[in-house]
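Q: Got a file for you: coords_7.cif, mmCIF, N, CA and C atoms.
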```
data_protein
loop_
_atom_site.label_atom_id
_atom_site.label_comp_id
_atom_site.auth_asym_id
_atom_site.auth_seq_id
_atom_site.Cartn_x
_atom_site.Cartn_y
_atom_site.Cartn_z
N MET A 52 67.66 74.17 -105.27
CA MET A 52 66.48 73.53 -104.79
C MET A 52 65.47 74.61 -104.48
N VAL A 53 64.24 74.35 -104.88
CA VAL A 53 63.16 75.31 -104.67
C VAL A 53 62.18 74.70 -103.68
N CYS A 54 61.89 75.45 -102.64
CA CYS A 54 60.93 74.99 -101.64
C CYS A 54 59.60 75.68 -101.89
N ALA A 55 58.59 74.89 -101.94
CA ALA A 55 57.26 75.45 -102.11
C ALA A 55 56.73 75.83 -100.73
N GLN A 56 56.14 76.97 -100.65
CA GLN A 56 55.56 77.42 -99.40
C GLN A 56 54.07 77.12 -99.39
N THR A 57 53.62 76.59 -98.29
CA THR A 57 52.21 76.29 -98.15
C THR A 57 51.62 77.26 -97.15
N LYS A 58 50.53 77.83 -97.54
CA LYS A 58 49.86 78.77 -96.65
C LYS A 58 48.96 77.96 -95.71
N ILE A 59 49.18 78.12 -94.41
CA ILE A 59 48.37 77.44 -93.41
C ILE A 59 47.47 78.47 -92.76
N ASP A 60 46.20 78.16 -92.78
CA ASP A 60 45.21 79.05 -92.19
C ASP A 60 45.02 78.69 -90.73
N ILE A 61 45.41 79.55 -89.84
CA ILE A 61 45.24 79.33 -88.40
C ILE A 61 44.02 80.12 -87.96
N PRO A 62 43.01 79.40 -87.42
CA PRO A 62 41.81 80.13 -87.03
C PRO A 62 42.07 81.05 -85.85
N GLY A 63 41.28 82.10 -85.78
CA GLY A 63 41.38 83.05 -84.67
C GLY A 63 40.70 82.48 -83.44
N PRO A 64 40.58 83.28 -82.42
CA PRO A 64 39.96 82.80 -81.19
C PRO A 64 38.51 82.38 -81.45
N SER A 65 38.06 81.40 -80.71
CA SER A 65 36.69 80.93 -80.88
C SER A 65 35.73 82.01 -80.43
N ARG A 66 34.49 81.85 -80.81
CA ARG A 66 33.47 82.84 -80.47
C ARG A 66 33.33 83.00 -78.96
N ARG A 67 33.54 81.93 -78.22
CA ARG A 67 33.37 82.00 -76.77
C ARG A 67 34.45 82.83 -76.08
N THR A 68 35.63 82.91 -76.69
CA THR A 68 36.70 83.62 -76.01
C THR A 68 36.90 85.03 -76.54
N ARG A 69 36.13 85.42 -77.53
CA ARG A 69 36.28 86.77 -78.05
C ARG A 69 35.78 87.80 -77.04
N PRO A 70 36.46 88.89 -76.92
CA PRO A 70 36.00 89.95 -76.01
C PRO A 70 34.60 90.41 -76.41
N GLY A 71 33.79 90.66 -75.44
CA GLY A 71 32.46 91.18 -75.71
C GLY A 71 31.41 90.09 -75.87
N ASN A 72 31.82 88.82 -75.93
CA ASN A 72 30.85 87.74 -76.06
C ASN A 72 30.27 87.44 -74.68
N THR A 73 28.98 87.65 -74.54
CA THR A 73 28.36 87.45 -73.23
C THR A 73 27.63 86.12 -73.12
N GLY A 74 27.73 85.25 -74.12
CA GLY A 74 27.05 83.96 -74.09
C GLY A 74 27.45 83.12 -72.91
N THR A 75 28.75 83.02 -72.64
CA THR A 75 29.18 82.20 -71.52
C THR A 75 28.88 82.88 -70.19
N THR A 76 28.85 84.18 -70.17
CA THR A 76 28.51 84.90 -68.95
C THR A 76 27.07 84.60 -68.55
N TRP A 77 26.17 84.64 -69.51
CA TRP A 77 24.76 84.34 -69.21
C TRP A 77 24.57 82.88 -68.81
N ALA A 78 25.30 81.98 -69.45
CA ALA A 78 25.18 80.57 -69.10
C ALA A 78 25.63 80.35 -67.66
N GLY A 79 26.72 80.98 -67.26
CA GLY A 79 27.20 80.87 -65.89
C GLY A 79 26.22 81.44 -64.89
N ARG A 80 25.60 82.55 -65.27
CA ARG A 80 24.61 83.16 -64.37
C ARG A 80 23.38 82.26 -64.22
N LEU A 81 22.95 81.65 -65.31
CA LEU A 81 21.79 80.77 -65.24
C LEU A 81 22.06 79.54 -64.36
N VAL A 82 23.26 78.99 -64.46
CA VAL A 82 23.63 77.86 -63.61
C VAL A 82 23.64 78.28 -62.15
N ALA A 83 24.18 79.45 -61.85
CA ALA A 83 24.22 79.94 -60.48
C ALA A 83 22.82 80.18 -59.93
N ILE A 84 21.93 80.71 -60.75
CA ILE A 84 20.55 80.95 -60.32
C ILE A 84 19.85 79.64 -60.05
N ALA A 85 20.01 78.67 -60.94
CA ALA A 85 19.37 77.35 -60.76
C ALA A 85 19.87 76.69 -59.48
N PHE A 86 21.16 76.77 -59.22
CA PHE A 86 21.73 76.18 -58.00
C PHE A 86 21.15 76.86 -56.77
N THR A 87 21.06 78.18 -56.81
CA THR A 87 20.54 78.94 -55.68
C THR A 87 19.07 78.61 -55.41
N LEU A 88 18.29 78.43 -56.46
CA LEU A 88 16.88 78.10 -56.29
C LEU A 88 16.68 76.71 -55.71
N CYS A 89 17.56 75.77 -56.04
CA CYS A 89 17.44 74.40 -55.54
C CYS A 89 17.99 74.25 -54.13
N LEU A 90 18.88 75.11 -53.71
CA LEU A 90 19.53 74.98 -52.42
C LEU A 90 18.57 74.97 -51.24
N PRO A 91 17.61 75.87 -51.13
CA PRO A 91 16.73 75.85 -49.95
C PRO A 91 15.89 74.59 -49.84
N ILE A 92 15.60 73.93 -50.95
CA ILE A 92 14.77 72.74 -50.94
C ILE A 92 15.45 71.62 -50.17
N SER A 93 16.76 71.46 -50.39
CA SER A 93 17.44 70.32 -49.79
C SER A 93 18.51 70.73 -48.78
N ALA A 94 18.43 71.95 -48.27
CA ALA A 94 19.47 72.42 -47.35
C ALA A 94 19.49 71.65 -46.04
N SER A 95 18.35 71.09 -45.63
CA SER A 95 18.33 70.39 -44.35
C SER A 95 18.61 68.90 -44.48
N ALA A 96 18.56 68.34 -45.68
CA ALA A 96 18.80 66.91 -45.88
C ALA A 96 20.29 66.64 -45.97
N ASP A 97 20.67 65.41 -45.61
CA ASP A 97 22.07 65.05 -45.75
C ASP A 97 22.22 63.54 -45.85
N ILE A 98 23.45 63.09 -45.90
CA ILE A 98 23.75 61.69 -46.13
C ILE A 98 23.91 60.94 -44.82
N VAL A 99 23.29 59.77 -44.76
CA VAL A 99 23.49 58.84 -43.66
C VAL A 99 24.22 57.64 -44.27
N SER A 100 25.28 57.21 -43.62
CA SER A 100 26.02 56.06 -44.12
C SER A 100 26.38 55.15 -42.95
N GLY A 101 26.66 53.91 -43.26
CA GLY A 101 27.02 52.93 -42.25
C GLY A 101 26.96 51.54 -42.82
N ARG A 102 26.65 50.57 -41.97
CA ARG A 102 26.50 49.17 -42.38
C ARG A 102 25.14 48.66 -41.93
N VAL A 103 24.64 47.65 -42.63
CA VAL A 103 23.38 47.02 -42.25
C VAL A 103 23.69 45.61 -41.76
N TYR A 104 23.14 45.29 -40.58
CA TYR A 104 23.36 43.98 -39.96
C TYR A 104 22.03 43.23 -39.85
N ASP A 105 22.08 41.92 -40.04
CA ASP A 105 20.89 41.09 -39.87
C ASP A 105 20.68 40.81 -38.38
N PRO A 106 19.57 40.14 -38.00
CA PRO A 106 19.32 39.89 -36.58
C PRO A 106 20.42 39.07 -35.89
N GLY A 107 21.19 38.30 -36.65
CA GLY A 107 22.28 37.51 -36.07
C GLY A 107 23.58 38.26 -35.93
N GLY A 108 23.63 39.50 -36.40
CA GLY A 108 24.83 40.33 -36.27
C GLY A 108 25.75 40.28 -37.48
N SER A 109 25.36 39.60 -38.55
CA SER A 109 26.17 39.55 -39.77
C SER A 109 25.78 40.69 -40.70
N VAL A 110 26.77 41.21 -41.44
CA VAL A 110 26.47 42.27 -42.40
C VAL A 110 25.66 41.68 -43.56
N LEU A 111 24.86 42.53 -44.18
CA LEU A 111 24.05 42.12 -45.32
C LEU A 111 24.62 42.74 -46.60
N PRO A 112 25.47 42.01 -47.32
CA PRO A 112 26.05 42.55 -48.54
C PRO A 112 25.08 42.47 -49.73
N ASN A 113 25.24 43.40 -50.66
CA ASN A 113 24.49 43.40 -51.93
C ASN A 113 22.99 43.19 -51.73
N THR A 114 22.42 43.93 -50.81
CA THR A 114 21.00 43.82 -50.51
C THR A 114 20.36 45.19 -50.71
N THR A 115 19.16 45.19 -51.29
CA THR A 115 18.43 46.44 -51.50
C THR A 115 17.44 46.64 -50.36
N PHE A 116 17.34 47.87 -49.90
CA PHE A 116 16.46 48.25 -48.79
C PHE A 116 15.56 49.39 -49.22
N VAL A 117 14.47 49.55 -48.50
CA VAL A 117 13.57 50.66 -48.75
C VAL A 117 13.33 51.39 -47.44
N VAL A 118 13.32 52.72 -47.53
CA VAL A 118 13.05 53.60 -46.40
C VAL A 118 11.78 54.36 -46.74
N GLU A 119 10.80 54.29 -45.87
CA GLU A 119 9.60 55.09 -46.07
C GLU A 119 9.94 56.52 -45.71
N ALA A 120 9.95 57.39 -46.71
CA ALA A 120 10.40 58.76 -46.52
C ALA A 120 9.27 59.73 -46.24
N GLY A 121 8.10 59.24 -45.90
CA GLY A 121 6.98 60.13 -45.59
C GLY A 121 6.26 60.58 -46.84
N LYS A 122 5.04 61.03 -46.68
CA LYS A 122 4.20 61.50 -47.77
C LYS A 122 4.06 60.43 -48.86
N GLY A 123 4.12 59.17 -48.46
CA GLY A 123 3.97 58.08 -49.43
C GLY A 123 5.18 57.83 -50.31
N GLU A 124 6.25 58.55 -50.08
CA GLU A 124 7.45 58.38 -50.88
C GLU A 124 8.37 57.35 -50.23
N ALA A 125 9.06 56.59 -51.08
CA ALA A 125 10.02 55.60 -50.58
C ALA A 125 11.38 55.87 -51.21
N VAL A 126 12.42 55.68 -50.43
CA VAL A 126 13.78 55.84 -50.90
C VAL A 126 14.44 54.47 -50.84
N LYS A 127 15.04 54.05 -51.95
CA LYS A 127 15.73 52.76 -51.98
C LYS A 127 17.23 52.99 -51.92
N PHE A 128 17.94 52.05 -51.29
CA PHE A 128 19.39 52.07 -51.30
C PHE A 128 19.88 50.65 -51.27
N LYS A 129 21.11 50.44 -51.67
CA LYS A 129 21.69 49.10 -51.74
C LYS A 129 23.02 49.08 -51.02
N THR A 130 23.26 47.98 -50.30
CA THR A 130 24.56 47.82 -49.65
C THR A 130 25.57 47.29 -50.65
N ASP A 131 26.84 47.56 -50.41
CA ASP A 131 27.89 47.04 -51.28
C ASP A 131 28.30 45.65 -50.80
N GLU A 132 29.38 45.12 -51.34
CA GLU A 132 29.82 43.77 -51.00
C GLU A 132 30.27 43.64 -49.55
N SER A 133 30.49 44.76 -48.86
CA SER A 133 30.89 44.72 -47.45
C SER A 133 29.74 45.09 -46.51
N GLY A 134 28.55 45.31 -47.05
CA GLY A 134 27.41 45.67 -46.23
C GLY A 134 27.29 47.16 -45.96
N ASN A 135 28.12 47.99 -46.60
CA ASN A 135 28.08 49.44 -46.41
C ASN A 135 26.97 50.07 -47.24
N PHE A 136 26.39 51.14 -46.73
CA PHE A 136 25.37 51.87 -47.47
C PHE A 136 25.59 53.36 -47.30
N SER A 137 24.92 54.11 -48.16
CA SER A 137 24.90 55.56 -48.09
C SER A 137 23.58 56.00 -48.70
N VAL A 138 22.82 56.81 -47.98
CA VAL A 138 21.52 57.26 -48.46
C VAL A 138 21.30 58.72 -48.06
N TYR A 139 20.62 59.46 -48.91
CA TYR A 139 20.35 60.88 -48.71
C TYR A 139 18.93 61.02 -48.17
N LEU A 140 18.77 61.55 -46.95
CA LEU A 140 17.46 61.65 -46.31
C LEU A 140 17.26 63.00 -45.64
N GLU A 141 16.01 63.42 -45.59
CA GLU A 141 15.63 64.59 -44.80
C GLU A 141 15.78 64.20 -43.32
N PRO A 142 16.00 65.16 -42.42
CA PRO A 142 16.10 64.82 -41.00
C PRO A 142 14.83 64.13 -40.50
N GLY A 143 15.03 63.11 -39.70
CA GLY A 143 13.89 62.38 -39.14
C GLY A 143 14.26 60.96 -38.79
N ARG A 144 13.28 60.23 -38.28
CA ARG A 144 13.46 58.83 -37.90
C ARG A 144 12.67 57.98 -38.90
N TYR A 145 13.32 56.97 -39.46
CA TYR A 145 12.73 56.17 -40.52
C TYR A 145 12.81 54.67 -40.21
N THR A 146 11.82 53.93 -40.71
CA THR A 146 11.83 52.48 -40.64
C THR A 146 12.39 51.95 -41.96
N VAL A 147 13.29 50.96 -41.85
CA VAL A 147 13.96 50.38 -43.00
C VAL A 147 13.56 48.91 -43.12
N HIS A 148 13.26 48.48 -44.35
CA HIS A 148 12.94 47.08 -44.63
C HIS A 148 13.79 46.60 -45.79
N PRO A 149 14.25 45.35 -45.75
CA PRO A 149 14.91 44.79 -46.93
C PRO A 149 13.86 44.50 -48.00
N LEU A 150 14.27 44.55 -49.27
CA LEU A 150 13.35 44.20 -50.35
C LEU A 150 13.53 42.73 -50.70
N ARG A 151 12.42 42.03 -50.84
CA ARG A 151 12.40 40.63 -51.29
C ARG A 151 11.44 40.58 -52.48
N ASP A 152 11.93 40.15 -53.61
CA ASP A 152 11.12 40.10 -54.84
C ASP A 152 10.50 41.46 -55.16
N GLY A 153 11.24 42.52 -54.89
CA GLY A 153 10.80 43.88 -55.21
C GLY A 153 9.83 44.49 -54.23
N LYS A 154 9.50 43.78 -53.14
CA LYS A 154 8.56 44.30 -52.15
C LYS A 154 9.22 44.33 -50.77
N PRO A 155 8.83 45.30 -49.93
CA PRO A 155 9.39 45.33 -48.57
C PRO A 155 9.07 44.05 -47.80
N ASP A 156 10.06 43.52 -47.11
CA ASP A 156 9.88 42.33 -46.28
C ASP A 156 9.43 42.79 -44.90
N PRO A 157 8.14 42.59 -44.54
CA PRO A 157 7.64 43.09 -43.26
C PRO A 157 8.15 42.31 -42.05
N SER A 158 8.80 41.16 -42.28
CA SER A 158 9.27 40.37 -41.14
C SER A 158 10.55 40.92 -40.54
N LEU A 159 11.27 41.77 -41.28
CA LEU A 159 12.50 42.39 -40.77
C LEU A 159 12.39 43.90 -40.89
N GLU A 160 12.84 44.60 -39.84
CA GLU A 160 12.86 46.06 -39.92
C GLU A 160 13.98 46.61 -39.06
N GLY A 161 14.42 47.78 -39.44
CA GLY A 161 15.44 48.50 -38.69
C GLY A 161 15.06 49.97 -38.63
N ILE A 162 15.80 50.71 -37.87
CA ILE A 162 15.55 52.15 -37.71
C ILE A 162 16.80 52.91 -38.13
N VAL A 163 16.60 54.01 -38.84
CA VAL A 163 17.70 54.91 -39.17
C VAL A 163 17.22 56.33 -38.89
N GLU A 164 18.12 57.14 -38.36
CA GLU A 164 17.82 58.54 -38.08
C GLU A 164 18.72 59.41 -38.92
N SER A 165 18.13 60.46 -39.49
CA SER A 165 18.88 61.39 -40.32
C SER A 165 18.89 62.75 -39.63
N TYR A 166 19.98 63.47 -39.82
CA TYR A 166 20.18 64.78 -39.19
C TYR A 166 20.51 65.81 -40.26
N PRO A 167 20.52 67.10 -39.93
CA PRO A 167 20.85 68.12 -40.93
C PRO A 167 22.31 68.11 -41.37
N GLN A 168 23.11 67.18 -40.87
CA GLN A 168 24.50 67.04 -41.31
C GLN A 168 24.76 65.55 -41.55
N SER A 169 25.82 65.26 -42.24
CA SER A 169 26.18 63.86 -42.52
C SER A 169 26.37 63.10 -41.22
N ALA A 170 25.95 61.83 -41.23
CA ALA A 170 26.07 61.02 -40.02
C ALA A 170 26.43 59.59 -40.40
N HIS A 171 27.22 58.94 -39.54
CA HIS A 171 27.54 57.53 -39.69
C HIS A 171 26.67 56.78 -38.69
N GLN A 172 25.89 55.82 -39.21
CA GLN A 172 24.96 55.11 -38.35
C GLN A 172 24.70 53.72 -38.91
N ASP A 173 24.92 52.72 -38.12
CA ASP A 173 24.65 51.35 -38.54
C ASP A 173 23.17 51.04 -38.34
N ILE A 174 22.64 50.16 -39.18
CA ILE A 174 21.25 49.72 -39.07
C ILE A 174 21.28 48.26 -38.65
N ARG A 175 20.62 47.97 -37.55
CA ARG A 175 20.53 46.59 -37.04
C ARG A 175 19.09 46.12 -37.20
N LEU A 176 18.90 45.19 -38.12
CA LEU A 176 17.56 44.69 -38.38
C LEU A 176 17.11 43.76 -37.26
N LYS A 177 15.83 43.81 -36.97
CA LYS A 177 15.23 42.93 -35.96
C LYS A 177 14.03 42.24 -36.60
N LYS A 178 13.71 41.06 -36.08
CA LYS A 178 12.52 40.35 -36.54
C LYS A 178 11.30 40.99 -35.89
N ARG A 179 10.29 41.25 -36.72
CA ARG A 179 9.05 41.81 -36.19
C ARG A 179 8.23 40.70 -35.57
N LYS A 180 7.56 41.02 -34.52
CA LYS A 180 6.73 40.03 -33.83
C LYS A 180 5.33 39.99 -34.39
#
```
Show me, as structure tokens, the structure contained in the file I just sent.

A:
Amino acid sequence: MVCAQTKIDIPGPSRRTRPGNTGTTWAGRLVAIAFTLCLPISASADIVSGRVYDPGGSVLPNTTFVVEAGKGEAVKFKTDESGNFSVYLEPGRYTVHPLRDGKPDPSLEGIVESYPQSAHQDIRLKKRK
């Protein structure tokens, strides 16, 4: 019986793993530089999480809210099916309104405070007079 031998070509190391290739080194450095440049911008902001309650004390599930974040900017967040939320804010005190038909509902408002570290804080909405 005669066995035929087949030559199998096994490729060498990829270009990225060859010694002397600095492509991945530069990519890593660029990512590190970009991260470092962005860090001071948001170093004082952090996450506030908790639950949102209506004036009667019930949680508000699957509801979208808006936080006036100053300088005319608004931050939106949505509660989950249990009324839990999580939002990223700069330190400060903010007024929160539920959205109705895509617009803030001025008849209900709550207060949330953000700190330079993560905080758990419930929002209790009240009827505006």

Q: Could you tell me which residues the PyMOL selection byres (((chain A and resi 140-148 and name CA) around 9) and name CA) grabs in this file, written as a ChimeraX atom specification?

A: /A:93,95-99,115-121,126,138-139,149-150,155-168,174,176

Q: Work out how far apart atom C of A:Thr130 and atom CA of A:Arg179 are and give it in Å to one decimal.

A: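 We find that atom C of A:Thr130 and atom CA of A:Arg179 lie 22.6 Å from each other.
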
Q: Just give me the gap between atom C of A:Phe128 and atom C of A:Thr114 in Å, one decimal is fine.

A: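 Rounded to one decimal, the two atoms are 5.5 Å apart.
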
Q: Please report the interatomic distance between atom C of A:Asp173 and atom C of A:Arg102 in Å with one decimal.

A: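 Those two atoms sit 4.7 Å apart.
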
Q: Please enumerate the residues selected by the PyMOL selection byres (((chain A and resi 171 and name CA) around 8) and name CA) when evaluated against the supplied file, formatted as a VMD selection string.

A: chain A and resid 99 to 101 169 to 170 172 to 173

Q: Near A:Gly134, within 7 Å and counting only C-alpha atoms, which residues show up once chain neighbours fewer than 4 positions away are dropped, as a PyMOL selection string?

A: chain A and resi 102-103+110-113+130

Q: Nearest to A:Gly107 among A:Lys180, A:Arg151, A:Arg175, A:Asp131, with distances taken over only C-alpha atoms: which residue is it?

A: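 Residue with the minimum atom-to-atom distance to A:Gly107: A:Arg175.
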